[in-house]
$ cat input_2.cif   # mmCIF, C-alpha atoms
data_coords
loop_
_atom_site.label_atom_id
_atom_site.label_comp_id
_atom_site.auth_asym_id
_atom_site.auth_seq_id
_atom_site.Cartn_x
_atom_site.Cartn_y
_atom_site.Cartn_z
CA MET A 1 13.78 41.90 0.06
CA THR A 2 16.58 40.49 2.19
CA PRO A 3 18.35 37.29 1.09
CA SER A 4 16.84 35.35 4.01
CA ALA A 5 13.32 36.60 3.21
CA CYS A 6 13.86 35.64 -0.42
CA LYS A 7 15.00 32.17 0.61
CA ILE A 8 11.91 31.74 2.82
CA LYS A 9 9.65 32.83 -0.03
CA ILE A 10 11.33 30.36 -2.43
CA ASN A 11 11.00 27.56 0.15
CA ASN A 12 7.30 28.39 0.64
CA LEU A 13 6.73 28.28 -3.14
CA HIS A 14 8.61 24.98 -3.35
CA ASN A 15 6.55 23.50 -0.49
CA LYS A 16 3.29 24.70 -2.06
CA ALA A 17 4.27 23.16 -5.43
CA GLY A 18 5.13 19.89 -3.66
CA LEU A 19 1.79 19.90 -1.85
CA LEU A 20 -0.11 20.55 -5.08
CA GLU A 21 1.76 17.70 -6.79
CA LEU A 22 1.00 15.38 -3.87
CA GLN A 23 -2.70 16.32 -3.93
CA LYS A 24 -2.78 15.72 -7.70
CA LYS A 25 -1.21 12.27 -7.27
CA ILE A 26 -3.76 11.31 -4.56
CA LYS A 27 -6.69 12.64 -6.58
CA GLU A 28 -5.58 10.68 -9.67
CA ALA A 29 -5.33 7.45 -7.67
CA PHE A 30 -8.76 8.10 -6.14
CA GLU A 31 -10.35 8.86 -9.52
CA VAL A 32 -9.35 5.45 -10.90
CA PHE A 33 -11.96 3.95 -8.54
CA ASP A 34 -14.49 6.81 -8.72
CA HIS A 35 -16.68 4.98 -11.25
CA GLU A 36 -19.60 7.41 -10.93
CA ALA A 37 -17.31 10.49 -11.23
CA ASN A 38 -18.94 11.95 -8.11
CA ASP A 39 -15.85 12.19 -5.86
CA THR A 40 -16.72 9.02 -3.95
CA VAL A 41 -15.31 5.50 -3.96
CA ASP A 42 -16.46 2.24 -2.44
CA VAL A 43 -14.89 1.86 1.00
CA ARG A 44 -13.58 -1.58 -0.09
CA GLU A 45 -11.30 0.15 -2.62
CA ILE A 46 -9.54 2.39 -0.08
CA GLY A 47 -6.84 -0.18 0.73
CA THR A 48 -6.00 -0.56 -2.96
CA ILE A 49 -5.83 3.22 -3.41
CA ILE A 50 -3.62 3.68 -0.35
CA ARG A 51 -1.29 0.88 -1.44
CA SER A 52 -1.10 2.31 -4.98
CA LEU A 53 0.31 5.46 -3.36
CA GLY A 54 3.19 3.44 -1.90
CA CYS A 55 1.83 2.91 1.61
CA CYS A 56 1.63 -0.51 3.20
CA PRO A 57 -0.55 -0.31 6.30
CA SER A 58 -1.53 -3.45 8.19
CA GLU A 59 -5.19 -4.44 8.13
CA GLY A 60 -5.67 -2.83 11.56
CA GLU A 61 -4.01 0.41 10.43
CA LEU A 62 -6.13 0.38 7.27
CA HIS A 63 -9.32 0.05 9.36
CA ASP A 64 -8.16 3.02 11.47
CA LEU A 65 -7.59 5.11 8.34
CA ILE A 66 -11.02 4.19 6.98
CA ALA A 67 -12.66 5.06 10.32
CA GLU A 68 -10.91 8.44 10.16
CA VAL A 69 -12.46 9.33 6.78
CA GLU A 70 -15.81 7.57 7.01
CA GLU A 71 -18.89 9.70 7.62
CA GLU A 72 -20.67 9.52 10.98
CA GLU A 73 -23.33 7.42 9.24
CA PRO A 74 -21.32 4.89 7.24
CA THR A 75 -22.62 4.71 3.67
CA GLY A 76 -20.08 2.30 2.24
CA TYR A 77 -18.48 5.16 0.32
CA ILE A 78 -15.58 7.48 1.05
CA ARG A 79 -15.58 11.08 -0.17
CA LEU A 80 -12.51 12.63 -1.79
CA GLU A 81 -12.85 15.75 0.39
CA LYS A 82 -12.27 13.58 3.49
CA PHE A 83 -9.71 11.23 1.91
CA LEU A 84 -7.44 13.89 0.39
CA PRO A 85 -6.29 15.70 3.58
CA MET A 86 -5.83 12.41 5.44
CA MET A 87 -3.65 10.99 2.65
CA VAL A 88 -1.65 14.22 2.31
CA LYS A 89 -0.82 13.88 6.01
CA VAL A 90 0.02 10.17 5.73
CA LEU A 91 2.29 10.69 2.71
CA SER A 92 3.91 13.84 4.12
CA GLU A 93 4.75 11.98 7.32
CA ARG A 94 6.00 9.01 5.25
CA ARG A 95 3.84 6.63 7.30
CA TYR A 96 3.32 2.96 6.41
CA ARG A 97 6.49 2.69 4.35
CA PRO A 98 7.05 -0.68 2.69
CA ILE A 99 9.47 -3.12 4.27
CA PRO A 100 12.86 -2.98 2.50
CA GLU A 101 13.61 -5.77 0.03
CA ASP A 102 16.57 -7.10 2.04
CA LEU A 103 14.36 -7.65 5.12
CA LEU A 104 11.71 -9.41 3.03
CA LEU A 105 14.41 -11.63 1.55
CA GLN A 106 15.65 -12.50 5.04
CA ALA A 107 12.10 -13.45 6.05
CA PHE A 108 11.71 -15.77 3.05
CA GLU A 109 15.14 -17.28 3.74
CA VAL A 110 14.10 -18.06 7.33
CA LEU A 111 11.05 -19.91 5.99
CA ASP A 112 13.23 -21.73 3.43
CA SER A 113 15.02 -23.93 5.96
CA ALA A 114 16.52 -26.13 3.20
CA LYS A 115 17.99 -22.99 1.52
CA GLU A 116 16.64 -24.02 -1.90
CA GLY A 117 15.62 -20.54 -3.05
CA PHE A 118 11.94 -21.42 -3.19
CA LEU A 119 8.97 -22.40 -1.07
CA THR A 120 6.27 -24.86 -2.05
CA LYS A 121 2.72 -23.60 -2.38
CA GLU A 122 1.74 -25.68 0.65
CA GLU A 123 4.54 -24.24 2.81
CA LEU A 124 3.67 -20.67 1.89
CA VAL A 125 -0.06 -21.17 2.49
CA LYS A 126 0.70 -22.70 5.90
CA TYR A 127 2.99 -19.84 6.94
CA MET A 128 0.75 -17.07 5.63
CA THR A 129 -2.53 -18.37 7.04
CA GLU A 130 -1.44 -19.87 10.37
CA GLU A 131 1.24 -17.47 11.66
CA GLY A 132 1.23 -13.80 12.73
CA GLU A 133 -1.48 -11.66 11.12
CA PRO A 134 -3.02 -14.38 8.92
CA PHE A 135 -3.90 -13.76 5.28
CA THR A 136 -7.51 -14.19 4.29
CA GLU A 137 -8.32 -16.73 1.59
CA GLU A 138 -8.75 -13.88 -0.90
CA GLU A 139 -5.37 -12.34 0.02
CA MET A 140 -3.72 -15.74 -0.26
CA GLU A 141 -5.22 -16.35 -3.71
CA GLU A 142 -4.08 -12.90 -4.84
CA MET A 143 -0.55 -13.52 -3.60
CA LEU A 144 -0.37 -16.97 -5.19
CA SER A 145 -1.65 -15.66 -8.53
CA ALA A 146 1.37 -13.35 -8.62
CA ALA A 147 3.98 -15.49 -6.87
CA LEU A 148 3.35 -19.10 -7.87
CA ASP A 149 5.32 -20.62 -10.74
CA PRO A 150 2.64 -22.78 -12.41
CA GLU A 151 5.20 -25.20 -13.89
CA THR A 152 6.91 -26.08 -10.60
CA ASN A 153 4.09 -25.18 -8.19
CA THR A 154 6.68 -23.26 -6.13
CA ILE A 155 7.36 -19.66 -5.18
CA GLN A 156 10.78 -18.52 -6.39
CA TYR A 157 10.91 -15.84 -3.74
CA ARG A 158 13.78 -13.77 -5.19
CA ASP A 159 11.80 -13.36 -8.43
CA TYR A 160 8.64 -12.59 -6.49
CA LEU A 161 10.39 -9.94 -4.40
CA ALA A 162 11.82 -8.26 -7.49
CA MET A 163 8.30 -8.02 -8.84
CA MET A 164 6.58 -6.77 -5.68
CA VAL A 165 9.05 -4.25 -4.23
CA ILE A 166 7.91 -0.64 -4.52
CA ASP A 167 10.36 1.84 -5.99
CA GLU A 168 10.22 4.87 -3.70
CA ASN A 169 11.80 7.33 -6.16
#
$ encode --input "input_2.cif" --output "structure tokens"
Amino acid sequence: MTPSACKIKINNLHNKAGLLELQKKIKEAFEVFDHEANDTVDVREIGTIIRSLGCCPSEGELHDLIAEVEEEEPTGYIRLEKFLPMMVKVLSERRYRPIPEDLLLQAFEVLDSAKEGFLTKEELVKYMTEEGEPFTEEEMEEMLSAALDPETNTIQYRDYLAMMVIDEN
């Protein structure tokens, strides 16, 4: 075998091992929500599964992904056999990467016009429900449960960012 053929073979083995590891990671995330152990999950869990794999699609992008894997006759469930190849492609292409921490910090600092290092609950609710792609009440409650300091009723956004940023390594 020539050195270049050997190198190609090693690269192919490396790529196959990476693909198998990626498939294993996706399957494990899927199985957390496969309560019946029948390779299906409730369609409402797909966003949580996708986000647990380090992807941060918008609500519109999430709906597109769900439409891609949903059966012709929607049952309310997504099958692993449809989900797995779609997620391998998404992760391989590094789609829906999270916004870097420094950009998130800049966004919070823009909202914090007094430069106090925090936002009040009322300010955050106003910004997140009235501007851009508005949060639903459920999303807002989920965010506040993680971000709100119950003693001061404020969001110390640097602390919140440290908690929510995804480590990509």
$ resolve_selection --input "input_2.cif" --expression "the PyMOL selection byres ((chain A and resi 87) around 12)" --output "ChimeraX atom specification"
/A:19,22-27,29-30,46-47,49-55,62,65-66,68-69,80-86,88-96
$ resolve_selection --input "input_2.cif" --expression "the PyMOL selection byres ((chain A and resi 105) around 12)" --output "list in words"
Ile99, Pro100, Glu101, Asp102, Leu103, Leu104, Gln106, Ala107, Phe108, Glu109, Val110, Leu111, Asp112, Lys115, Gly117, Phe118, Gln156, Tyr157, Arg158, Asp159, Tyr160, Leu161, Ala162, Met164 and Val165 of chain A
$ residues_near_point --input "input_2.cif" --point "(-14.5, 8.4, -3.3)" --cutoff "7 Å" --atoms "all atoms listed in the file" --output "list in words"
Phe30, Asp34, Asp39, Thr40, Val41, Asp42, Tyr77, Ile78, Arg79 and Leu80 of chain A
$ atom_distance --input "input_2.cif" --atom1 "atom CA of A:Glu36" --atom2 "atom CA of A:Ala17"
29.1 Å
$ atom_distance --input "input_2.cif" --atom1 "atom CA of A:Gly18" --atom2 "atom CA of A:Ala37"
25.5 Å
$ closest_atom_pairs --input "input_2.cif" --of "stretch 3-109 of chain A" --to "stretch 123-140 of chain A" --cutoff "10 Å" --atoms "only C-alpha atoms" --output "tab-separated table"
residue	atom	partner	partner_atom	distance
A:Ser58	CA	A:Glu133	CA	8.7
A:Glu59	CA	A:Glu133	CA	8.7
A:Gly60	CA	A:Glu133	CA	9.8
A:Phe108	CA	A:Leu124	CA	9.5
$ atom_distance --input "input_2.cif" --atom1 "atom CA of A:Glu45" --atom2 "atom CA of A:Glu28"
13.9 Å
$ decode --input "input_2.cif" --residues "stretch 108-126 of chain A" --atoms "N, CA, C and O atoms" --output "compact mmCIF listing (two decimals), in the first residue's frame"
# COMPACT_ATOMS: atom_id res chain seq x y z
N PHE A 108 -26.74 42.40 26.39
CA PHE A 108 -27.22 42.77 27.72
C PHE A 108 -26.77 44.18 28.09
O PHE A 108 -27.53 44.94 28.68
N GLU A 109 -25.54 44.53 27.75
CA GLU A 109 -25.02 45.86 28.09
C GLU A 109 -25.79 46.96 27.36
O GLU A 109 -25.97 48.05 27.89
N VAL A 110 -26.24 46.69 26.14
CA VAL A 110 -27.06 47.66 25.41
C VAL A 110 -28.38 47.88 26.14
O VAL A 110 -28.85 49.01 26.27
N LEU A 111 -28.96 46.79 26.65
CA LEU A 111 -30.22 46.90 27.38
C LEU A 111 -30.04 47.59 28.73
O LEU A 111 -30.95 48.24 29.23
N ASP A 112 -28.86 47.47 29.31
CA ASP A 112 -28.53 48.06 30.60
C ASP A 112 -27.99 49.47 30.39
O ASP A 112 -26.82 49.74 30.52
N SER A 113 -28.89 50.38 30.05
CA SER A 113 -28.47 51.75 29.70
C SER A 113 -27.79 52.47 30.86
O SER A 113 -26.95 53.33 30.65
N ALA A 114 -28.11 52.12 32.10
CA ALA A 114 -27.49 52.76 33.26
C ALA A 114 -26.14 52.12 33.61
O ALA A 114 -25.46 52.58 34.52
N LYS A 115 -25.76 51.05 32.90
CA LYS A 115 -24.49 50.35 33.11
C LYS A 115 -24.32 49.90 34.56
O LYS A 115 -23.27 50.08 35.18
N GLU A 116 -25.38 49.27 35.10
CA GLU A 116 -25.36 48.82 36.49
C GLU A 116 -24.93 47.36 36.63
O GLU A 116 -24.70 46.88 37.74
N GLY A 117 -24.88 46.63 35.53
CA GLY A 117 -24.51 45.22 35.59
C GLY A 117 -25.68 44.29 35.83
O GLY A 117 -25.50 43.09 36.03
N PHE A 118 -26.88 44.86 35.83
CA PHE A 118 -28.07 44.03 36.01
C PHE A 118 -29.25 44.68 35.30
O PHE A 118 -29.22 45.85 34.94
N LEU A 119 -30.28 43.86 35.11
CA LEU A 119 -31.57 44.34 34.59
C LEU A 119 -32.62 43.96 35.61
O LEU A 119 -32.51 42.93 36.27
N THR A 120 -33.67 44.77 35.72
CA THR A 120 -34.77 44.38 36.59
C THR A 120 -35.60 43.34 35.87
O THR A 120 -35.56 43.21 34.64
N LYS A 121 -36.37 42.60 36.63
CA LYS A 121 -37.27 41.60 36.06
C LYS A 121 -38.20 42.26 35.05
O LYS A 121 -38.41 41.74 33.95
N GLU A 122 -38.74 43.41 35.40
CA GLU A 122 -39.68 44.10 34.53
C GLU A 122 -39.04 44.51 33.21
O GLU A 122 -39.64 44.40 32.14
N GLU A 123 -37.79 45.04 33.29
CA GLU A 123 -37.09 45.43 32.06
C GLU A 123 -36.88 44.23 31.15
O GLU A 123 -37.16 44.30 29.95
N LEU A 124 -36.39 43.13 31.73
CA LEU A 124 -36.11 41.95 30.93
C LEU A 124 -37.39 41.40 30.29
O LEU A 124 -37.40 41.07 29.11
N VAL A 125 -38.46 41.31 31.06
CA VAL A 125 -39.72 40.81 30.52
C VAL A 125 -40.18 41.69 29.36
O VAL A 125 -40.59 41.20 28.31
N LYS A 126 -40.07 43.01 29.53
CA LYS A 126 -40.47 43.94 28.46
C LYS A 126 -39.65 43.70 27.20
O LYS A 126 -40.20 43.54 26.11
